[in-house]
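*Asks:* Just so it is clear, I am handing over model_14.pdb, which has PDB, C-alpha atoms.
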ATOM      1  CA  GLY U   1       7.441   7.689 -21.649
ATOM      2  CA  SER U   2       7.177   4.918 -19.116
ATOM      3  CA  VAL U   3       8.852   6.882 -16.319
ATOM      4  CA  THR U   4       6.240   9.625 -16.666
ATOM      5  CA  TRP U   5       3.382   7.104 -16.844
ATOM      6  CA  LEU U   6       4.555   5.452 -13.654
ATOM      7  CA  TYR U   7       5.169   8.778 -11.931
ATOM      8  CA  TYR U   8       1.701  10.206 -12.582
ATOM      9  CA  SER U   9      -0.105   6.968 -11.802
ATOM     10  CA  ALA U  10       1.846   6.557  -8.548
ATOM     11  CA  ARG U  11       0.910  10.114  -7.516
ATOM     12  CA  LEU U  12      -2.783   9.358  -7.985
ATOM     13  CA  MET U  13      -2.506   6.019  -6.182
ATOM     14  CA  ASN U  14      -0.836   7.755  -3.243
ATOM     15  CA  PHE U  15      -3.793  10.106  -2.819
ATOM     16  CA  PRO U  16      -6.108   7.679  -0.971
ATOM     17  CA  LEU U  17      -3.134   6.047   0.700
ATOM     18  CA  GLY U  18      -1.931   9.357   2.096
ATOM     19  CA  ILE U  19      -5.326  10.562   3.196
ATOM     20  CA  PHE U  20      -6.706   7.385   4.730
ATOM     21  CA  GLY U  21      -3.813   4.981   5.312
ATOM     22  CA  VAL U  22      -1.531   7.466   7.016
ATOM     23  CA  ALA U  23      -4.422   8.975   8.987
ATOM     24  CA  LEU U  24      -5.519   5.587  10.313
ATOM     25  CA  SER U  25      -2.019   4.548  11.279
ATOM     26  CA  THR U  26      -1.541   7.903  13.025
ATOM     27  CA  VAL U  27      -4.783   7.469  14.960
ATOM     28  CA  VAL U  28      -4.045   3.860  15.901
ATOM     29  CA  LEU U  29      -0.457   4.259  17.159
ATOM     30  CA  PRO U  30      -1.137   6.127  20.455
ATOM     31  CA  SER U  31      -3.916   3.714  21.412
ATOM     32  CA  LEU U  32      -1.757   0.707  20.595
ATOM     33  CA  SER U  33       1.144   2.112  22.598
ATOM     34  CA  SER U  34      -1.100   2.812  25.569
ATOM     35  CA  GLU U  35      -2.658  -0.658  25.618
ATOM     36  CA  TYR U  36       0.686  -2.369  25.121
ATOM     37  CA  ALA U  37       2.162  -0.351  28.012
ATOM     38  CA  LYS U  38      -0.769  -1.474  30.190
ATOM     39  CA  GLN U  39      -0.021  -5.033  29.019
ATOM     40  CA  ASP U  40      -3.611  -5.451  27.878
ATOM     41  CA  GLU U  41      -3.084  -7.790  24.930
ATOM     42  CA  ASN U  42      -6.826  -8.175  24.346
ATOM     43  CA  LYS U  43      -7.438  -4.436  23.854
ATOM     44  CA  TYR U  44      -4.214  -4.164  21.853
ATOM     45  CA  SER U  45      -5.401  -6.957  19.576
ATOM     46  CA  ASN U  46      -8.842  -5.345  19.244
ATOM     47  CA  ILE U  47      -7.280  -2.052  18.174
ATOM     48  CA  VAL U  48      -5.140  -3.780  15.546
ATOM     49  CA  ASP U  49      -8.239  -5.626  14.364
ATOM     50  CA  TRP U  50     -10.222  -2.364  14.198
ATOM     51  CA  GLY U  51      -7.407  -0.691  12.269
ATOM     52  CA  LEU U  52      -7.186  -3.498   9.730
ATOM     53  CA  ARG U  53     -10.963  -3.640   9.287
ATOM     54  CA  SER U  54     -11.086   0.128   8.807
ATOM     55  CA  VAL U  55      -8.292  -0.041   6.276
ATOM     56  CA  LEU U  56     -10.098  -2.724   4.304
ATOM     57  CA  LEU U  57     -13.374  -0.834   4.547
ATOM     58  CA  ILE U  58     -11.727   2.191   2.956
ATOM     59  CA  GLY U  59      -8.915   0.620   0.937
ATOM     60  CA  VAL U  60     -10.890  -1.933  -1.063
ATOM     61  CA  PRO U  61     -13.473   0.579  -2.380
ATOM     62  CA  ALA U  62     -10.667   3.081  -3.081
ATOM     63  CA  ALA U  63      -8.786   0.453  -5.078
ATOM     64  CA  ILE U  64     -11.892  -0.598  -6.983
ATOM     65  CA  GLY U  65     -12.775   3.030  -7.661
ATOM     66  CA  LEU U  66      -9.344   3.859  -9.008
ATOM     67  CA  ILE U  67      -9.301   0.719 -11.138
ATOM     68  CA  LEU U  68     -12.705   1.467 -12.645
ATOM     69  CA  LEU U  69     -12.065   5.192 -13.075
ATOM     70  CA  ALA U  70      -8.391   5.107 -14.052
ATOM     71  CA  MET U  71      -8.979   6.068 -17.671
ATOM     72  CA  PRO U  72     -11.448   8.934 -17.032
ATOM     73  CA  ILE U  73      -9.291  10.320 -14.204
ATOM     74  CA  MET U  74      -6.108  10.275 -16.288
ATOM     75  CA  ASN U  75      -7.965  11.743 -19.243
ATOM     76  CA  LEU U  76      -9.486  14.545 -17.171
ATOM     77  CA  ILE U  77      -6.340  15.541 -15.300
ATOM     78  CA  PHE U  78      -3.509  14.980 -17.760
ATOM     79  CA  HIS U  79      -4.812  14.821 -21.358
ATOM     80  CA  TYR U  80      -3.594  18.151 -22.699
ATOM     81  CA  GLY U  81      -0.538  19.512 -24.460
ATOM     82  CA  ALA U  82       2.154  16.917 -25.111
ATOM     83  CA  PHE U  83       0.376  14.312 -22.924
ATOM     84  CA  GLY U  84      -1.573  12.486 -25.625
ATOM     85  CA  LEU U  85      -4.076   9.662 -25.685
ATOM     86  CA  ARG U  86      -1.319   7.019 -25.735
ATOM     87  CA  ASP U  87       0.089   8.531 -22.545
ATOM     88  CA  VAL U  88      -3.358   8.556 -20.927
ATOM     89  CA  VAL U  89      -3.913   4.869 -21.739
ATOM     90  CA  ASN U  90      -0.476   3.786 -20.526
ATOM     91  CA  SER U  91      -0.750   5.854 -17.340
ATOM     92  CA  ALA U  92      -4.227   4.468 -16.677
ATOM     93  CA  ASN U  93      -2.928   0.905 -17.073
ATOM     94  CA  ALA U  94      -0.169   1.604 -14.554
ATOM     95  CA  LEU U  95      -2.682   3.230 -12.187
ATOM     96  CA  MET U  96      -4.855   0.116 -12.312
ATOM     97  CA  ALA U  97      -1.855  -2.082 -11.446
ATOM     98  CA  PHE U  98      -0.762   0.224  -8.618
ATOM     99  CA  SER U  99      -4.331   0.444  -7.298
ATOM    100  CA  LEU U 100      -4.522  -3.288  -6.745
ATOM    101  CA  GLY U 101      -2.067  -2.818  -3.878
ATOM    102  CA  ILE U 102      -3.857   0.009  -2.041
ATOM    103  CA  PRO U 103      -5.402  -2.263   0.619
ATOM    104  CA  ALA U 104      -2.026  -3.920   1.205
ATOM    105  CA  TYR U 105      -0.176  -0.597   1.496
ATOM    106  CA  MET U 106      -2.746   0.618   4.031
ATOM    107  CA  MET U 107      -2.545  -2.618   6.002
ATOM    108  CA  VAL U 108       1.236  -2.289   6.160
ATOM    109  CA  LYS U 109       0.894   1.179   7.693
ATOM    110  CA  VAL U 110      -1.360  -0.128  10.474
ATOM    111  CA  LEU U 111       0.727  -3.260  11.072
ATOM    112  CA  VAL U 112       3.969  -1.294  11.263
ATOM    113  CA  SER U 113       2.314   0.951  13.859
ATOM    114  CA  ALA U 114       1.475  -2.194  15.833
ATOM    115  CA  PHE U 115       5.151  -3.142  15.886
ATOM    116  CA  TYR U 116       6.243   0.401  16.769
ATOM    117  CA  ALA U 117       3.844   0.381  19.708
ATOM    118  CA  ARG U 118       5.642  -2.745  20.908
ATOM    119  CA  GLN U 119       8.968  -0.929  20.362
ATOM    120  CA  GLN U 120       9.972  -3.606  17.879
ATOM    121  CA  MET U 121      11.363  -1.661  14.970
ATOM    122  CA  ARG U 122      13.609  -4.391  13.596
ATOM    123  CA  THR U 123      10.882  -6.800  12.546
ATOM    124  CA  PRO U 124       9.156  -4.414  10.099
ATOM    125  CA  VAL U 125      12.535  -3.436   8.668
ATOM    126  CA  LYS U 126      13.558  -7.059   8.102
ATOM    127  CA  ILE U 127      10.212  -7.803   6.484
ATOM    128  CA  ALA U 128      10.481  -4.673   4.330
ATOM    129  CA  ILE U 129      13.856  -5.886   3.062
ATOM    130  CA  VAL U 130      12.304  -9.235   2.109
ATOM    131  CA  ALA U 131       9.462  -7.388   0.341
ATOM    132  CA  LEU U 132      11.979  -5.163  -1.448
ATOM    133  CA  LEU U 133      13.914  -8.170  -2.718
ATOM    134  CA  ALA U 134      10.652  -9.790  -3.812
ATOM    135  CA  ASN U 135       9.731  -6.542  -5.582
ATOM    136  CA  VAL U 136      12.982  -6.690  -7.548
ATOM    137  CA  LEU U 137      12.314 -10.306  -8.474
ATOM    138  CA  PHE U 138       8.684  -9.588  -9.444
ATOM    139  CA  SER U 139       9.830  -6.573 -11.458
ATOM    140  CA  LEU U 140      12.381  -8.572 -13.409
ATOM    141  CA  CYS U 141       9.809 -11.264 -14.196
ATOM    142  CA  LEU U 142       6.830  -9.032 -15.003
ATOM    143  CA  MET U 143       8.704  -6.286 -16.824
ATOM    144  CA  GLN U 144       9.536  -8.655 -19.667
ATOM    145  CA  SER U 145       5.939  -9.246 -20.655
ATOM    146  CA  MET U 146       4.098  -6.239 -19.226
ATOM    147  CA  GLN U 147       6.665  -3.412 -19.478
ATOM    148  CA  HIS U 148       5.877  -0.500 -17.129
ATOM    149  CA  VAL U 149       2.610  -2.097 -15.948
ATOM    150  CA  GLY U 150       4.676  -5.047 -14.725
ATOM    151  CA  LEU U 151       6.693  -2.679 -12.533
ATOM    152  CA  ALA U 152       3.506  -1.237 -11.045
ATOM    153  CA  LEU U 153       2.051  -4.697 -10.507
ATOM    154  CA  SER U 154       5.249  -5.859  -8.823
ATOM    155  CA  MET U 155       4.818  -3.027  -6.298
ATOM    156  CA  SER U 156       1.311  -4.250  -5.520
ATOM    157  CA  LEU U 157       2.431  -7.866  -5.169
ATOM    158  CA  SER U 158       5.310  -6.964  -2.873
ATOM    159  CA  GLY U 159       2.904  -4.819  -0.831
ATOM    160  CA  TYR U 160       0.724  -7.869  -0.232
ATOM    161  CA  LEU U 161       3.770  -9.948   0.650
ATOM    162  CA  ASN U 162       4.848  -7.275   3.134
ATOM    163  CA  ALA U 163       1.364  -7.163   4.709
ATOM    164  CA  ILE U 164       1.102 -10.955   4.959
ATOM    165  CA  LEU U 165       4.542 -11.329   6.523
ATOM    166  CA  LEU U 166       3.784  -8.539   9.019
ATOM    167  CA  CYS U 167       0.466 -10.221   9.926
ATOM    168  CA  VAL U 168       2.182 -13.551  10.474
ATOM    169  CA  ALA U 169       4.970 -11.997  12.540
ATOM    170  CA  LEU U 170       2.521 -10.009  14.679
ATOM    171  CA  TYR U 171       0.311 -13.048  15.182
ATOM    172  CA  LYS U 172       3.318 -14.991  16.471
ATOM    173  CA  LYS U 173       4.092 -12.227  18.961
TER     174      LYS U 173
END
Have the structure of the file written as structure tokens, please.
*Replies:*
Amino acid sequence: GSVTWLYYSARLMNFPLGIFGVALSTVVLPSLSSEYAKQDENKYSNIVDWGLRSVLLIGVPAAIGLILLAMPIMNLIFHYGAFGLRDVVNSANALMAFSLGIPAYMMVKVLVSAFYARQQMRTPVKIAIVALLANVLFSLCLMQSMQHVGLALSMSLSGYLNAILLCVALYKK
């Protein structure tokens, strides 16, 4: 059912996010912390810029790839036993909706690292709460017409909201 479709599609969407997004944010954090401690805002800003560019360089093709290959991937990995063609199609649709948010999820990882380097943990948490509330609102609106795909799409939309709000907040700092 829809819980299974969302579960399997989310697992596949998390693959590029876990490999690239987490790796980039892990690489960026020590450099950001070092430059912020030296009070070199220019180098700090350049590192954030590099991290965001790298994320987009990897995240956009990953999202496009998963969107274009959602059906063949789901068919190859899961189409056996009780997981029928209907399940493959519904899981692939959810994967496409989740995949739209991959660049945003990766950007959030880098931007949160930028705030952690500044030892400002509250700002990302406050913004995450706003994104969570927006996710609930998006889910309620989109679920009516798009069922489980609406839930996946709401995650992507709230991911972009989170990334945009983090960018704005960091720019103000």
*Asks:* Apply the PyMOL selection byres ((chain U and resi 163) around 9) to the file shown and report the selected residues as number ranges by chain.
*Replies:* U: 104-109, 111, 158-162, 164-168
*Asks:* Select, counting only C-alpha atoms, all protein, DNA and RNA residues no farther than 8 Å from (2.3, 5.5, -11.4) in file coordinates, and express the selection as a VMD selection string.
*Replies:* chain U and resid 4 to 13 91 94 to 95 98 152
*Asks:* Let me see the file: selected residues, C-alpha atoms, as an mmCIF file, in the coordinates of the input.
*Replies:*
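Okay, again_2.cif is ready:
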data_model
loop_
_atom_site.group_PDB
_atom_site.id
_atom_site.type_symbol
_atom_site.label_atom_id
_atom_site.label_comp_id
_atom_site.auth_asym_id
_atom_site.auth_seq_id
_atom_site.Cartn_x
_atom_site.Cartn_y
_atom_site.Cartn_z
ATOM 1 C CA THR U 4 6.240 9.625 -16.666
ATOM 2 C CA TRP U 5 3.382 7.104 -16.844
ATOM 3 C CA LEU U 6 4.555 5.452 -13.654
ATOM 4 C CA TYR U 7 5.169 8.778 -11.931
ATOM 5 C CA TYR U 8 1.701 10.206 -12.582
ATOM 6 C CA SER U 9 -0.105 6.968 -11.802
ATOM 7 C CA ALA U 10 1.846 6.557 -8.548
ATOM 8 C CA ARG U 11 0.910 10.114 -7.516
ATOM 9 C CA LEU U 12 -2.783 9.358 -7.985
ATOM 10 C CA MET U 13 -2.506 6.019 -6.182
ATOM 11 C CA SER U 91 -0.750 5.854 -17.340
ATOM 12 C CA ALA U 94 -0.169 1.604 -14.554
ATOM 13 C CA LEU U 95 -2.682 3.230 -12.187
ATOM 14 C CA PHE U 98 -0.762 0.224 -8.618
ATOM 15 C CA ALA U 152 3.506 -1.237 -11.045
#
*Asks:* Env of Lys126 in chain U: 12 Å cut, atoms = only C-alpha atoms, seq-sep filter 5 positions within chain, self excluded. Answer as a ChimeraX atom specification.
*Replies:* /U:112,120-121,131-133,162,165-166,169
*Asks:* Residues picked by the PyMOL selection byres ((chain U and resi 21) around 12) here, as number ranges by chain?
*Replies:* U: 13-20, 22-28, 51-60, 62, 102-113
*Asks:* Using CA of Ser154 in chain U and CA of Ile64 in chain U as the two end points, give the distance in Å to one decimal.
*Replies:*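 So the two atoms, CA of Ser154 in chain U and CA of Ile64 in chain U, lie 18.0 Å apart.
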*Asks:* Output as a short mmCIF file (atom, residue, chain, number, x, y, z; two decimals), in the frame of the given file: range 76-87 of chain U, completed with all heavy atoms.
*Replies:*
data_model
loop_
_atom_site.label_atom_id
_atom_site.label_comp_id
_atom_site.auth_asym_id
_atom_site.auth_seq_id
_atom_site.Cartn_x
_atom_site.Cartn_y
_atom_site.Cartn_z
N LEU U 76 -9.05 13.25 -17.69
CA LEU U 76 -9.49 14.54 -17.17
C LEU U 76 -8.32 15.40 -16.68
O LEU U 76 -8.23 16.58 -16.97
CB LEU U 76 -10.49 14.34 -16.03
CG LEU U 76 -11.00 15.59 -15.34
CD1 LEU U 76 -11.89 16.39 -16.29
CD2 LEU U 76 -11.75 15.23 -14.08
N ILE U 77 -7.41 14.78 -15.94
CA ILE U 77 -6.34 15.54 -15.30
C ILE U 77 -5.16 15.82 -16.23
O ILE U 77 -4.61 16.92 -16.22
CB ILE U 77 -5.85 14.80 -14.03
CG1 ILE U 77 -6.99 14.71 -13.02
CG2 ILE U 77 -4.67 15.52 -13.42
CD1 ILE U 77 -6.66 13.89 -11.79
N PHE U 78 -4.78 14.86 -17.04
CA PHE U 78 -3.51 14.98 -17.76
C PHE U 78 -3.60 15.10 -19.27
O PHE U 78 -2.59 15.40 -19.91
CB PHE U 78 -2.61 13.79 -17.42
CG PHE U 78 -2.25 13.70 -15.97
CD1 PHE U 78 -2.71 12.66 -15.19
CD2 PHE U 78 -1.46 14.67 -15.38
CE1 PHE U 78 -2.39 12.57 -13.85
CE2 PHE U 78 -1.13 14.61 -14.04
CZ PHE U 78 -1.60 13.55 -13.27
N HIS U 79 -4.73 14.85 -19.89
CA HIS U 79 -4.81 14.82 -21.36
C HIS U 79 -4.89 16.24 -21.93
O HIS U 79 -5.96 16.76 -22.24
CB HIS U 79 -6.01 13.99 -21.81
CG HIS U 79 -6.00 13.69 -23.27
ND1 HIS U 79 -7.07 13.19 -23.92
CD2 HIS U 79 -5.03 13.81 -24.23
CE1 HIS U 79 -6.80 13.01 -25.20
NE2 HIS U 79 -5.55 13.38 -25.39
N TYR U 80 -3.73 16.84 -22.05
CA TYR U 80 -3.59 18.15 -22.70
C TYR U 80 -2.14 18.33 -23.10
O TYR U 80 -1.26 17.65 -22.60
CB TYR U 80 -4.06 19.29 -21.78
CG TYR U 80 -3.25 19.46 -20.52
CD1 TYR U 80 -2.13 20.28 -20.50
CD2 TYR U 80 -3.58 18.78 -19.35
CE1 TYR U 80 -1.37 20.43 -19.35
CE2 TYR U 80 -2.85 18.92 -18.21
CZ TYR U 80 -1.74 19.75 -18.21
OH TYR U 80 -0.99 19.88 -17.07
N GLY U 81 -1.90 19.23 -24.01
CA GLY U 81 -0.54 19.51 -24.46
C GLY U 81 0.14 18.29 -25.04
O GLY U 81 -0.42 17.57 -25.86
N ALA U 82 1.36 18.03 -24.59
CA ALA U 82 2.15 16.92 -25.11
C ALA U 82 1.72 15.56 -24.55
O ALA U 82 2.14 14.53 -25.03
CB ALA U 82 3.63 17.15 -24.79
N PHE U 83 0.85 15.56 -23.54
CA PHE U 83 0.38 14.31 -22.92
C PHE U 83 -0.82 13.82 -23.73
O PHE U 83 -1.96 14.23 -23.51
CB PHE U 83 -0.02 14.56 -21.46
CG PHE U 83 0.00 13.34 -20.60
CD1 PHE U 83 1.16 12.94 -19.96
CD2 PHE U 83 -1.14 12.58 -20.41
CE1 PHE U 83 1.19 11.83 -19.15
CE2 PHE U 83 -1.13 11.46 -19.60
CZ PHE U 83 0.05 11.08 -18.96
N GLY U 84 -0.55 12.93 -24.68
CA GLY U 84 -1.57 12.49 -25.62
C GLY U 84 -2.37 11.29 -25.13
O GLY U 84 -2.22 10.82 -24.00
N LEU U 85 -3.21 10.79 -26.02
CA LEU U 85 -4.08 9.66 -25.68
C LEU U 85 -3.27 8.41 -25.33
O LEU U 85 -3.62 7.67 -24.41
CB LEU U 85 -5.04 9.37 -26.85
CG LEU U 85 -6.07 8.28 -26.59
CD1 LEU U 85 -6.94 8.63 -25.40
CD2 LEU U 85 -6.91 8.04 -27.82
N ARG U 86 -2.18 8.17 -26.04
CA ARG U 86 -1.32 7.02 -25.74
C ARG U 86 -0.78 7.12 -24.31
O ARG U 86 -0.74 6.13 -23.58
CB ARG U 86 -0.17 6.98 -26.74
CG ARG U 86 0.84 5.89 -26.48
CD ARG U 86 1.92 5.88 -27.59
NE ARG U 86 3.00 5.02 -27.23
CZ ARG U 86 4.17 5.41 -26.73
NH1 ARG U 86 4.42 6.70 -26.56
NH2 ARG U 86 5.12 4.55 -26.43
N ASP U 87 -0.41 8.32 -23.90
CA ASP U 87 0.09 8.53 -22.54
C ASP U 87 -1.02 8.30 -21.51
O ASP U 87 -0.78 7.73 -20.45
CB ASP U 87 0.65 9.95 -22.40
CG ASP U 87 1.80 10.21 -23.36
OD1 ASP U 87 2.69 9.34 -23.45
OD2 ASP U 87 1.79 11.27 -24.02
#
